[in-house]
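Here is the file query_33.txt (compact mmCIF, C-alpha atoms).
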# COMPACT_ATOMS: atom_id res chain seq x y z
CA MET A 1 0.00 0.00 0.00
CA SER A 2 1.43 3.40 -1.01
CA PRO A 3 2.18 6.16 1.53
CA ARG A 4 -0.22 8.48 -0.34
CA ARG A 5 -3.06 6.01 0.08
CA ASP A 6 -2.20 5.54 3.77
CA ALA A 7 -2.37 9.30 4.35
CA SER A 8 -5.67 9.56 2.49
CA GLU A 9 -7.21 6.78 4.57
CA GLU A 10 -5.91 8.39 7.77
CA ARG A 11 -7.49 11.74 6.85
CA PHE A 12 -10.74 9.97 6.00
CA GLY A 13 -10.66 8.22 9.38
CA TRP A 14 -10.20 11.52 11.19
CA LEU A 15 -13.11 13.02 9.23
CA LEU A 16 -15.33 10.15 10.34
CA CYS A 17 -14.27 10.69 13.95
CA THR A 18 -14.71 14.48 13.89
CA PRO A 19 -18.46 14.60 14.77
CA ALA A 20 -18.00 12.26 17.73
CA VAL A 21 -14.92 14.19 18.92
CA LEU A 22 -16.77 17.53 18.71
CA ALA A 23 -19.76 16.12 20.60
CA MET A 24 -17.50 14.75 23.34
CA LEU A 25 -15.70 18.09 23.63
CA LEU A 26 -18.98 19.98 23.95
CA VAL A 27 -20.25 17.59 26.63
CA THR A 28 -17.06 17.14 28.64
CA ALA A 29 -14.73 20.09 28.00
CA TYR A 30 -16.85 22.74 29.72
CA PRO A 31 -17.43 20.80 32.99
CA ILE A 32 -13.74 19.88 33.19
CA LEU A 33 -12.55 23.45 32.55
CA TYR A 34 -15.12 24.84 34.97
CA ALA A 35 -14.04 22.40 37.69
CA LEU A 36 -10.41 23.37 37.04
CA TRP A 37 -11.32 27.04 37.38
CA LEU A 38 -13.29 26.48 40.60
CA SER A 39 -10.40 24.50 42.10
CA LEU A 40 -8.29 27.67 42.08
CA PHE A 41 -10.65 29.46 44.50
CA ARG A 42 -11.59 29.20 48.14
CA TYR A 43 -15.30 28.95 47.43
CA ASP A 44 -17.78 27.81 50.05
CA LEU A 45 -21.47 28.00 49.09
CA ARG A 46 -22.36 28.78 52.71
CA PHE A 47 -20.35 32.00 52.33
CA PRO A 48 -20.61 32.87 48.62
CA ASP A 49 -19.45 36.46 49.13
CA GLN A 50 -16.12 35.30 50.55
CA ARG A 51 -14.85 33.66 47.36
CA GLU A 52 -11.11 34.20 47.04
CA TYR A 53 -8.48 33.18 44.51
CA VAL A 54 -5.96 30.88 46.21
CA GLY A 55 -4.14 29.31 43.26
CA LEU A 56 -2.98 25.76 43.97
CA ALA A 57 -3.71 25.94 47.70
CA ASN A 58 -6.69 23.57 47.39
CA TYR A 59 -4.51 20.97 45.69
CA ALA A 60 -1.91 21.36 48.43
CA SER A 61 -4.62 20.85 51.06
CA VAL A 62 -5.84 17.67 49.38
CA LEU A 63 -2.42 16.18 48.66
CA THR A 64 -1.16 16.82 52.19
CA SER A 65 -4.27 15.28 53.74
CA GLY A 66 -4.16 11.74 55.06
CA VAL A 67 -7.82 11.35 54.07
CA TRP A 68 -6.97 11.64 50.36
CA TRP A 69 -4.14 9.09 50.47
CA GLU A 70 -6.17 6.64 52.55
CA SER A 71 -9.12 6.94 50.18
CA LEU A 72 -6.78 6.50 47.19
CA ALA A 73 -5.37 3.32 48.75
CA ASN A 74 -8.93 2.07 49.40
CA THR A 75 -9.89 2.81 45.79
CA LEU A 76 -6.85 0.95 44.45
CA ILE A 77 -7.59 -2.06 46.69
CA ILE A 78 -11.17 -2.29 45.43
CA THR A 79 -10.11 -1.67 41.82
CA VAL A 80 -7.27 -4.20 41.66
CA ALA A 81 -9.12 -6.93 43.58
CA SER A 82 -12.41 -6.62 41.73
CA VAL A 83 -10.91 -6.30 38.24
CA ALA A 84 -8.53 -9.25 38.80
CA ILE A 85 -11.37 -11.51 39.93
CA GLU A 86 -13.61 -10.29 37.11
CA LEU A 87 -10.92 -11.06 34.54
CA VAL A 88 -10.66 -14.69 35.66
CA LEU A 89 -14.41 -15.24 36.04
CA GLY A 90 -15.15 -13.26 32.89
CA MET A 91 -12.79 -15.43 30.87
CA LEU A 92 -14.45 -18.59 32.22
CA LEU A 93 -17.91 -17.25 31.36
CA ALA A 94 -16.72 -16.13 27.93
CA LEU A 95 -15.39 -19.64 27.22
CA VAL A 96 -18.70 -21.15 28.32
CA MET A 97 -20.72 -18.75 26.16
CA HIS A 98 -18.38 -19.32 23.23
CA ARG A 99 -18.43 -23.12 23.42
CA VAL A 100 -22.02 -23.79 24.44
CA LEU A 101 -23.97 -25.58 21.69
CA PHE A 102 -27.50 -25.70 23.07
CA LEU A 103 -29.63 -22.75 24.18
CA ARG A 104 -26.79 -20.37 23.34
CA ARG A 105 -28.96 -17.24 23.38
CA THR A 106 -30.58 -18.24 26.67
CA VAL A 107 -27.20 -18.86 28.31
CA ARG A 108 -25.80 -15.54 27.13
CA ALA A 109 -28.90 -13.63 28.20
CA SER A 110 -28.90 -15.23 31.66
CA VAL A 111 -25.21 -14.45 32.16
CA LEU A 112 -25.83 -10.78 31.37
CA VAL A 113 -28.74 -10.36 33.81
CA PRO A 114 -26.64 -9.01 36.74
CA TYR A 115 -25.12 -6.33 34.52
CA ALA A 116 -28.60 -5.14 33.55
CA ILE A 117 -29.53 -4.48 37.19
CA ILE A 118 -29.07 -0.91 38.42
CA THR A 119 -25.96 -0.56 40.59
CA VAL A 120 -27.88 0.90 43.54
CA VAL A 121 -30.34 -2.01 43.49
CA ALA A 122 -27.50 -4.54 43.33
CA ALA A 123 -25.69 -2.81 46.21
CA LEU A 124 -28.85 -2.83 48.35
CA ALA A 125 -29.48 -6.52 47.56
CA TRP A 126 -25.99 -7.50 48.68
CA LYS A 127 -26.24 -5.25 51.72
CA PHE A 128 -29.42 -7.00 52.84
CA ALA A 129 -27.92 -10.41 52.05
CA PHE A 130 -25.02 -9.76 54.43
CA ASP A 131 -27.17 -8.11 57.10
CA PRO A 132 -26.62 -9.95 60.42
CA VAL A 133 -30.36 -9.86 61.28
CA THR A 134 -32.30 -10.21 58.04
CA GLY A 135 -29.63 -11.57 55.67
CA PHE A 136 -29.20 -15.17 54.55
CA VAL A 137 -25.39 -15.28 54.31
CA ASN A 138 -24.75 -15.73 58.03
CA PRO A 139 -27.23 -18.64 58.39
CA TRP A 140 -25.71 -20.32 55.34
CA LEU A 141 -22.18 -20.00 56.71
CA GLY A 142 -23.14 -20.59 60.35
CA LEU A 143 -21.68 -17.24 61.40
CA GLU A 144 -22.77 -14.21 63.41
CA GLN A 145 -20.68 -11.68 61.53
CA ALA A 146 -21.66 -8.01 61.18
CA TRP A 147 -20.01 -7.73 57.78
CA LEU A 148 -20.41 -4.01 57.12
CA THR A 149 -19.23 -2.85 60.56
CA GLU A 150 -15.60 -3.93 60.12
CA ARG A 151 -13.17 -2.60 57.53
CA TRP A 152 -11.95 -5.73 55.76
CA SER A 153 -15.26 -7.57 55.84
CA ALA A 154 -16.91 -4.43 54.42
CA PHE A 155 -14.27 -4.41 51.68
CA LEU A 156 -15.14 -8.03 50.96
CA VAL A 157 -18.85 -7.26 50.54
CA ILE A 158 -18.10 -4.26 48.31
CA ILE A 159 -15.73 -6.25 46.11
CA LEU A 160 -18.13 -9.19 45.84
CA THR A 161 -20.91 -6.81 44.85
CA GLU A 162 -18.75 -5.26 42.14
CA VAL A 163 -17.65 -8.67 40.87
CA TRP A 164 -21.22 -10.00 40.71
CA LYS A 165 -22.48 -6.85 38.99
CA THR A 166 -19.80 -6.27 36.35
CA THR A 167 -18.27 -9.68 35.57
CA PRO A 168 -20.86 -10.14 32.76
CA PHE A 169 -19.56 -6.95 31.12
CA MET A 170 -16.02 -8.29 31.26
CA ALA A 171 -17.23 -11.63 29.88
CA LEU A 172 -19.00 -9.87 26.99
CA LEU A 173 -15.83 -8.02 25.97
CA LEU A 174 -13.72 -11.17 26.25
CA LEU A 175 -16.30 -13.13 24.25
CA ALA A 176 -15.84 -10.62 21.43
CA GLY A 177 -12.10 -11.31 21.58
CA LEU A 178 -12.64 -15.07 21.51
CA THR A 179 -14.67 -14.84 18.33
CA LEU A 180 -11.67 -13.24 16.60
CA VAL A 181 -9.36 -16.21 17.28
CA PRO A 182 -9.05 -18.19 14.01
CA GLN A 183 -10.35 -21.72 14.40
CA ASP A 184 -7.75 -22.89 11.86
CA LEU A 185 -4.92 -22.09 14.28
CA LEU A 186 -6.61 -24.02 17.09
CA ASP A 187 -7.17 -26.99 14.79
CA ALA A 188 -3.54 -26.87 13.68
CA ALA A 189 -2.38 -26.80 17.29
CA ARG A 190 -4.63 -29.78 18.08
CA VAL A 191 -3.14 -31.70 15.15
CA ASP A 192 0.35 -30.91 16.46
CA GLY A 193 -0.58 -32.58 19.74
CA ALA A 194 -1.34 -29.56 21.92
CA ASN A 195 -3.87 -30.25 24.63
CA ALA A 196 -6.68 -27.87 25.63
CA ALA A 197 -4.60 -25.98 28.21
CA GLN A 198 -1.68 -25.55 25.80
CA ARG A 199 -4.00 -24.31 23.05
CA PHE A 200 -5.55 -21.81 25.44
CA PHE A 201 -2.34 -20.39 26.91
CA ARG A 202 -0.15 -20.54 23.79
CA VAL A 203 -2.65 -19.75 21.03
CA THR A 204 -5.86 -18.20 22.36
CA LEU A 205 -4.49 -15.85 25.01
CA PRO A 206 -1.70 -14.33 22.84
CA LEU A 207 -4.25 -13.60 20.10
CA MET A 208 -6.59 -12.01 22.66
CA ARG A 209 -4.05 -9.54 24.04
CA SER A 210 -5.77 -6.51 22.56
CA ALA A 211 -9.25 -7.61 23.64
CA ILE A 212 -8.01 -8.30 27.18
CA LEU A 213 -6.34 -4.90 27.40
CA VAL A 214 -9.49 -3.14 26.21
CA ALA A 215 -11.62 -5.06 28.73
CA LEU A 216 -9.18 -4.24 31.53
CA LEU A 217 -9.08 -0.58 30.51
CA PHE A 218 -12.86 -0.16 30.56
CA ARG A 219 -13.33 -2.00 33.84
CA THR A 220 -10.36 -0.40 35.61
CA LEU A 221 -11.55 3.10 34.76
CA ASP A 222 -15.07 2.22 35.88
CA ALA A 223 -13.89 0.54 39.10
CA PHE A 224 -11.59 3.44 40.00
CA ARG A 225 -14.57 5.80 39.97
CA ILE A 226 -16.63 3.56 42.25
CA PHE A 227 -19.23 5.50 44.21
CA ASP A 228 -22.70 3.91 44.24
CA THR A 229 -21.81 0.61 45.89
CA VAL A 230 -19.71 2.14 48.65
CA PHE A 231 -22.20 4.94 49.31
CA VAL A 232 -25.16 2.55 49.60
CA GLN A 233 -23.42 -0.06 51.72
CA THR A 234 -21.15 1.91 54.07
CA ARG A 235 -21.25 5.60 53.07
CA GLY A 236 -17.46 5.48 53.46
CA ALA A 237 -17.59 4.40 57.12
CA GLN A 238 -15.26 1.79 58.65
CA GLY A 239 -12.35 3.13 56.60
CA THR A 240 -13.92 2.30 53.22
CA GLU A 241 -13.98 5.84 51.86
CA THR A 242 -12.97 6.10 48.19
CA VAL A 243 -11.80 9.14 46.24
CA SER A 244 -15.27 9.65 44.77
CA ILE A 245 -16.78 9.59 48.27
CA VAL A 246 -14.21 12.19 49.38
CA GLY A 247 -15.22 14.41 46.46
CA TYR A 248 -18.91 13.92 47.27
CA HIS A 249 -18.46 14.94 50.91
CA ALA A 250 -16.45 18.03 49.94
CA LEU A 251 -18.86 19.17 47.22
CA VAL A 252 -22.29 18.08 48.49
CA THR A 253 -22.01 17.61 52.23
CA ARG A 254 -19.71 20.51 53.09
CA LEU A 255 -20.62 22.66 50.03
CA ASN A 256 -16.94 23.49 49.48
CA LEU A 257 -16.79 23.96 45.72
CA GLY A 258 -13.11 24.87 45.63
CA LEU A 259 -11.84 21.88 47.57
CA GLY A 260 -14.33 19.50 45.98
CA SER A 261 -13.37 20.65 42.50
CA ALA A 262 -9.70 20.06 43.34
CA VAL A 263 -10.55 16.49 44.35
CA SER A 264 -12.49 16.03 41.11
CA VAL A 265 -9.59 17.30 39.02
CA LEU A 266 -7.18 14.96 40.82
CA ILE A 267 -9.52 12.02 40.14
CA PHE A 268 -9.62 13.07 36.48
CA ILE A 269 -5.81 13.16 36.36
CA CYS A 270 -5.65 9.68 37.90
CA VAL A 271 -8.11 8.37 35.30
CA ILE A 272 -6.08 9.92 32.47
CA ALA A 273 -2.90 8.36 33.86
CA ILE A 274 -4.52 4.91 34.05
CA ALA A 275 -5.85 5.26 30.50
CA ALA A 276 -2.42 6.34 29.24
CA LEU A 277 -0.78 3.27 30.79
CA PHE A 278 -3.30 0.95 29.17
CA VAL A 279 -3.03 2.69 25.80
CA LYS A 280 0.74 2.29 25.95
CA GLY A 281 0.26 -1.39 26.78
CA PHE A 282 -2.18 -1.69 23.89
CA ARG A 283 0.40 -0.26 21.47
CA VAL A 284 3.09 -2.64 22.76
CA SER A 285 0.66 -5.54 22.42
CA PHE A 286 -0.28 -4.50 18.89
CA ALA A 287 3.39 -4.19 17.89
CA ALA A 288 4.14 -7.62 19.39
CA GLY A 289 1.19 -9.10 17.53
CA GLU A 290 2.43 -7.68 14.21
CA GLU A 291 5.93 -9.08 14.79
CA SER A 292 4.57 -12.51 15.62
Structure translated into C-alpha cells:
Amino acid sequence: MSPRRDASEERFGWLLCTPAVLAMLLVTAYPILYALWLSLFRYDLRFPDQREYVGLANYASVLTSGVWWESLANTLIITVASVAIELVLGMLLALVMHRVLFLRRTVRASVLVPYAIITVVAALAWKFAFDPVTGFVNPWLGLEQAWLTERWSAFLVIILTEVWKTTPFMALLLLAGLTLVPQDLLDAARVDGANAAQRFFRVTLPLMRSAILVALLFRTLDAFRIFDTVFVQTRGAQGTETVSIVGYHALVTRLNLGLGSAVSVLIFICVIAIAALFVKGFRVSFAAGEES
C-alpha cells in the first residue's frame, strides 16, 4: 500500500471521527474546565461572598491530607481486587458462552442479567444479604458476623458486589475477543498434539491480548470511579472511603466547591494516567502481535 493512500485513509478516518470528537468536547470540556477554574478558588457556598483566589492551595490541602491518600489506597484495593477476579471469572464465562452448543442465546442472556440491574439495586441486595439480622449469608455459613461494621469484611462485601455486577460486562468483551481467534490455528495446534490448556495459553491468550487490554481498561476506569456501591453499603464508614466519596463529601455535604473541584480534578488526572498506561500497553501488544 502506497504512503499516499495511507495518508488519504488516515485523513478519512479523522473526518469520520470528527463529529463524535466535537460532541465529546462539547459535553465534557466545559465541565472539566469549569471544575479546574473552581479548584483555584476558596469557594464555600455557605459563604458565597467570601470567594477568594488561592491558586494551587486547594490541591496542596488535598495532597497533604491523610484522608486523600487513605481513600486513594482504598480505591486501588477495590479496583485491583475486583478487576482481577472479574478477569478470571469473565474469561471462564466467555469460554462457556463461546463453546455452548445448546440454548446459546438463553445462556448468554442469563449471564448478562446481573449487569442489567441498576448498581444501587445490586448494592442494596448485597447489603441485605449480608445483614446480620435479616440476611441469609450468616445462616448459610453458620456465622454471626456483622459484615459491614468492620473494615476488611466491608471491603469483601463491596468487592463481591462489584464482581457480581460487572463480571458479565467483562465476559462480553472477552467473548468478542474469543470470536476473533481463528479456528484454523486451534485446529492446527490440536493436530500438532497440543492439549486444551496448551491451546488456550499458547494460542488463544496471545491472540486475545488486545481484547483483554481493552476489557481491563474499561473495567479499571469504571472501578476506579466507584461510588454507588460504597455509598449505599457503608457511606465510606469503617475506613472504606474512596476518592469519589471524598469528592462527594467536599462538594455536596460541606458545600466546598473549591476543595471539591480540586478532588475532582485529581480524580480526572488519575483516570487519564490509568488510561495512558493501558493505551501504551495496547500499542506494545499491537506491535508484538504484528511481529509474531
Query raised in the report: Between CA of Lys165 (chain A) and CA of Ala116 (chain A), what is the distance, to one decimal in Å?
Result: 8.4 Å
Query raised in the report: To one decimal place, how far is CA of Val54 (chain A) from CA of Leu40 (chain A) in Å?
Result: 5.7 Å
Requested in this report: Counting all atoms listed in the file, figure out which residue out of A:Arg51, A:Ala171, A:Leu259, A:Val203 gets nearest to Ala188 (chain A).
Outcome: A:Val203
Query raised in the report: If we count all atoms listed in the file, what is near Glu144 (chain A) at a cut-off of 10 Å, once residues fewer than 4 positions away on the same chain are taken out, given as a count of residues only?
Result: 6
Report task. Quick one: everything within 7 Å of region 198-202 of chain A, counting only C-alpha atoms, minus sequence neighbours fewer than 4 positions away in the same chain. Send it as a ChimeraX atom specification. Result -> /A:186,189,194,206
Query - Distance of CA of Phe128 (chain A) from CA of His249 (chain A), expressed in Å to one decimal place - result: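 A separation of 24.6 Å between them.
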Report task. Quick one: everything within 10 Å of Phe155 (chain A), counting only C-alpha atoms, minus sequence neighbours fewer than 2 positions away in the same chain. Send it as a list in words. Result -> Asn74, Ile77, Ile78, Ala81, Trp147, Leu148, Glu150, Arg151, Trp152, Ser153, Val157, Ile158, Ile159, Leu160, Thr161, Val230, Thr234, Gln238, Gly239 and Thr240 of chain A
With a distance cut-off of 10 Å and all atoms listed in the file, select the neighbouring residues of Cys270 (chain A), excluding the residue or stretch itself and same-chain residues fewer than 3 positions from it, and output the selection as an mmCIF file with C-alpha atoms, in the coordinates of the input.
data_model
loop_
_atom_site.group_PDB
_atom_site.id
_atom_site.type_symbol
_atom_site.label_atom_id
_atom_site.label_comp_id
_atom_site.auth_asym_id
_atom_site.auth_seq_id
_atom_site.Cartn_x
_atom_site.Cartn_y
_atom_site.Cartn_z
ATOM 1 C CA LEU A 72 -6.780 6.500 47.190
ATOM 2 C CA LEU A 221 -11.550 3.100 34.760
ATOM 3 C CA PHE A 224 -11.590 3.440 40.000
ATOM 4 C CA ARG A 225 -14.570 5.800 39.970
ATOM 5 C CA SER A 264 -12.490 16.030 41.110
ATOM 6 C CA VAL A 265 -9.590 17.300 39.020
ATOM 7 C CA LEU A 266 -7.180 14.960 40.820
ATOM 8 C CA ILE A 267 -9.520 12.020 40.140
ATOM 9 C CA ALA A 273 -2.900 8.360 33.860
ATOM 10 C CA ILE A 274 -4.520 4.910 34.050
ATOM 11 C CA ALA A 275 -5.850 5.260 30.500
ATOM 12 C CA ALA A 276 -2.420 6.340 29.240
#
So that I can see what lies close to Thr204 (chain A), please list as a short mmCIF file (atom, residue, chain, number, x, y, z; two decimals) with C-alpha atoms, in the frame of the given file the residues with an atom at most 12 Å from it, counting all atoms listed in the file and leaving out residues fewer than 2 positions away in the same chain.
data_model
loop_
_atom_site.label_atom_id
_atom_site.label_comp_id
_atom_site.auth_asym_id
_atom_site.auth_seq_id
_atom_site.Cartn_x
_atom_site.Cartn_y
_atom_site.Cartn_z
CA MET A 91 -12.79 -15.43 30.87
CA LEU A 95 -15.39 -19.64 27.22
CA LEU A 174 -13.72 -11.17 26.25
CA LEU A 175 -16.30 -13.13 24.25
CA GLY A 177 -12.10 -11.31 21.58
CA LEU A 178 -12.64 -15.07 21.51
CA THR A 179 -14.67 -14.84 18.33
CA LEU A 180 -11.67 -13.24 16.60
CA VAL A 181 -9.36 -16.21 17.28
CA PRO A 182 -9.05 -18.19 14.01
CA GLN A 183 -10.35 -21.72 14.40
CA ASP A 184 -7.75 -22.89 11.86
CA LEU A 185 -4.92 -22.09 14.28
CA LEU A 186 -6.61 -24.02 17.09
CA ASP A 187 -7.17 -26.99 14.79
CA ALA A 189 -2.38 -26.80 17.29
CA ALA A 196 -6.68 -27.87 25.63
CA ALA A 197 -4.60 -25.98 28.21
CA GLN A 198 -1.68 -25.55 25.80
CA ARG A 199 -4.00 -24.31 23.05
CA PHE A 200 -5.55 -21.81 25.44
CA PHE A 201 -2.34 -20.39 26.91
CA ARG A 202 -0.15 -20.54 23.79
CA PRO A 206 -1.70 -14.33 22.84
CA LEU A 207 -4.25 -13.60 20.10
CA MET A 208 -6.59 -12.01 22.66
CA ARG A 209 -4.05 -9.54 24.04
CA SER A 210 -5.77 -6.51 22.56
CA ALA A 211 -9.25 -7.61 23.64
CA ILE A 212 -8.01 -8.30 27.18
#
